[in-house]
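Undergrad: Let me give you the structure first, and then I'll get to my questions.
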Amino acid sequence: IGTVLGLLACALLHMNNLHDIEIDRDRGVVTLAIRIGYRRSVALLSLMYAVAAVVLVSAVSIGLLPVGSLAALFAFVPAAKLCVKVRAAFGPTSPTLEGSRMVAAQTHLLAGLL
């Protein structure tokens, strides 16, 4: 459970950093998103969500979590839509990213509740 929620928390923080690449760069802040660039950051965000989902399913399949824990997979629906939206954006200043931080936060909250 901790690994899944930890990955989702990292995805939320990474989404914030991804969205703020230009602002952070102007302020002299160095984040992972700045180091690897926008496109690789998008790939990393998708990877975090995918690994979290795989860990959840794996934990259920080997008996570490009850089958009812699979309800948390519903939280990954907005995460998948978020990844598509972020991938379609031309960069961190794209209007397409409007509301993306909120979706990442909602994904984390929903997974934790379920």
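By order in the structure tokens, chains are A, B, ...; within a chain, residues start at 1; ligands start at 1, following the order shown.
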Pick out the residues sitting within 12 Å of stretch 64-72 of chain A, and hand them over as a list of chain:residue names; count only C-alpha atoms, and ignore anything fewer than 5 positions along from it in its own chain.

TA: A:Ile1, A:Gly2, A:Val4, A:Leu5, A:Leu8, A:Ala52, A:Ala53, A:Val54, A:Val55, A:Leu56, A:Val57, A:Ser58, A:Ala59, A:Val77, A:Pro78, A:Ala79, A:Thr107, A:His108, A:Leu109, A:Leu110, A:Ala111, A:Gly112, A:Leu113, A:Leu114

Undergrad: Keeping only C-alpha atoms, write the selected residues as a JSON list (two decimals), in the first residue's frame.

TA:
```json
[["chain", "number", "residue", "atom", "x", "y", "z"],
["A", 1, "ILE", "CA", 0.00, 0.00, 0.00],
["A", 2, "GLY", "CA", 2.84, 2.34, 0.90],
["A", 4, "VAL", "CA", 1.47, 2.52, -4.42],
["A", 5, "LEU", "CA", 0.63, 5.66, -2.46],
["A", 8, "LEU", "CA", 1.29, 8.45, -6.51],
["A", 52, "ALA", "CA", 1.94, 2.04, -9.13],
["A", 53, "ALA", "CA", -0.85, 0.16, -10.92],
["A", 54, "VAL", "CA", 1.36, -2.88, -11.53],
["A", 55, "VAL", "CA", 2.47, -2.95, -7.88],
["A", 56, "LEU", "CA", -1.16, -2.82, -6.76],
["A", 57, "VAL", "CA", -2.24, -5.66, -9.04],
["A", 58, "SER", "CA", 0.85, -7.70, -8.13],
["A", 59, "ALA", "CA", 0.25, -7.27, -4.40],
["A", 77, "VAL", "CA", -8.60, 6.30, -14.96],
["A", 78, "PRO", "CA", -8.08, 10.06, -14.39],
["A", 79, "ALA", "CA", -4.33, 9.40, -14.18],
["A", 107, "THR", "CA", -5.79, 10.55, -8.25],
["A", 108, "HIS", "CA", -3.70, 10.29, -5.09],
["A", 109, "LEU", "CA", -6.68, 11.01, -2.84],
["A", 110, "LEU", "CA", -9.02, 8.60, -4.63],
["A", 111, "ALA", "CA", -6.48, 5.76, -4.59],
["A", 112, "GLY", "CA", -5.87, 6.30, -0.89],
["A", 113, "LEU", "CA", -9.57, 6.26, -0.11],
["A", 114, "LEU", "CA", -10.31, 3.19, -2.20]]
```

Undergrad: Write out as an MDAnalysis selection string each polymer residue whose atoms come within 8 Å of stretch 45-50 of chain A, counting only C-alpha atoms; drop sequence neighbours fewer than 4 positions from it.

TA: chainID A and resid 7:8 10:11 14:15 41 54 76 79:80 83

Undergrad: I'd like the interatomic distance between atom CA of A:Val42 and atom CA of A:Pro92, to a tenth of an Å.

TA: 10.1 Å

Undergrad: What does the structure give for the distance between atom CA of A:Ala75 and atom CA of A:Glu98, in Å to one decimal?

TA: 19.5 Å

Undergrad: Rank A:Asp24, A:Thr96, A:Leu18, A:Ala105 by their smallest atom-to-atom distance to A:Arg39, using only C-alpha atoms, and report the top residue only.

TA: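 Comparing A:Asp24, A:Thr96, A:Leu18, A:Ala105 against A:Arg39, the winner is A:Leu18.
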
Undergrad: Using the chain letters and numbers from this document, which residues of chain A does DSSP assign to helix (DSSP H, G or I), as a PyMOL selection string?

TA: chain A and resi 2-19+21-27+32-36+38-61+67-88+95-97+100-113

Undergrad: Excluding same-chain residues fewer than 5 positions from A:Tyr38, what lies within 12 Å of it counting only C-alpha atoms, as a ChimeraX atom specification?

TA: /A:14-15,17-22,31-33,43-45,86-94

Undergrad: Please produce a file of the residues just selected, as a short mmCIF file (atom, residue, chain, number, x, y, z; two decimals), in the first residue's frame, where the atoms kept are N, CA and C atoms.

TA:
```
data_model
loop_
_atom_site.label_atom_id
_atom_site.label_comp_id
_atom_site.auth_asym_id
_atom_site.auth_seq_id
_atom_site.Cartn_x
_atom_site.Cartn_y
_atom_site.Cartn_z
N HIS A 14 5.92 15.42 -8.98
CA HIS A 14 6.57 15.54 -10.29
C HIS A 14 5.69 16.33 -11.25
N MET A 15 4.37 16.14 -11.16
CA MET A 15 3.45 16.92 -12.01
C MET A 15 3.59 18.40 -11.69
N ASN A 17 6.29 19.88 -10.49
CA ASN A 17 7.58 20.31 -11.03
C ASN A 17 7.54 20.43 -12.56
N LEU A 18 6.86 19.50 -13.19
CA LEU A 18 6.74 19.52 -14.65
C LEU A 18 6.01 20.79 -15.09
N HIS A 19 4.96 21.13 -14.39
CA HIS A 19 4.17 22.32 -14.71
C HIS A 19 4.97 23.61 -14.47
N ASP A 20 5.88 23.58 -13.51
CA ASP A 20 6.63 24.78 -13.12
C ASP A 20 8.04 24.85 -13.69
N ILE A 21 8.33 24.10 -14.73
CA ILE A 21 9.69 24.07 -15.27
C ILE A 21 10.21 25.48 -15.57
N GLU A 22 9.44 26.26 -16.28
CA GLU A 22 9.90 27.61 -16.67
C GLU A 22 10.07 28.52 -15.46
N THR A 31 15.23 21.09 -10.55
CA THR A 31 14.40 19.94 -10.23
C THR A 31 14.71 18.83 -11.23
N LEU A 32 14.22 17.65 -10.94
CA LEU A 32 14.40 16.54 -11.87
C LEU A 32 13.77 16.86 -13.22
N ALA A 33 12.61 17.50 -13.19
CA ALA A 33 11.93 17.86 -14.44
C ALA A 33 12.80 18.80 -15.29
N ALA A 43 7.27 11.19 -19.78
CA ALA A 43 7.46 9.73 -19.77
C ALA A 43 7.61 9.21 -18.34
N LEU A 44 8.35 9.94 -17.51
CA LEU A 44 8.55 9.54 -16.12
C LEU A 44 7.22 9.57 -15.35
N LEU A 45 6.42 10.57 -15.60
CA LEU A 45 5.10 10.66 -14.95
C LEU A 45 4.25 9.45 -15.31
N VAL A 86 -1.10 15.52 -20.82
CA VAL A 86 0.24 16.08 -20.65
C VAL A 86 1.11 15.76 -21.86
N ARG A 87 0.94 14.57 -22.41
CA ARG A 87 1.71 14.18 -23.60
C ARG A 87 1.33 15.04 -24.80
N ALA A 88 0.08 15.45 -24.88
CA ALA A 88 -0.40 16.26 -26.00
C ALA A 88 0.03 17.72 -25.89
N ALA A 89 0.38 18.16 -24.70
CA ALA A 89 0.79 19.55 -24.50
C ALA A 89 2.13 19.80 -25.18
N PHE A 90 2.33 21.02 -25.68
CA PHE A 90 3.58 21.34 -26.37
C PHE A 90 4.71 21.67 -25.40
N GLY A 91 4.40 21.89 -24.15
CA GLY A 91 5.42 22.20 -23.16
C GLY A 91 4.79 22.62 -21.85
N PRO A 92 5.61 22.98 -20.87
CA PRO A 92 5.09 23.28 -19.54
C PRO A 92 4.20 24.52 -19.47
N THR A 93 4.27 25.39 -20.46
CA THR A 93 3.44 26.59 -20.45
C THR A 93 2.16 26.43 -21.28
N SER A 94 1.93 25.24 -21.77
CA SER A 94 0.76 24.97 -22.60
C SER A 94 -0.53 25.13 -21.81
#
```

Undergrad: What separation in Å, quoted to one decimal, exists between atom CA of A:Ser61 and atom CA of A:Phe74?

TA: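 Answer for the atom CA of A:Ser61 to atom CA of A:Phe74 separation: 17.2 Å.
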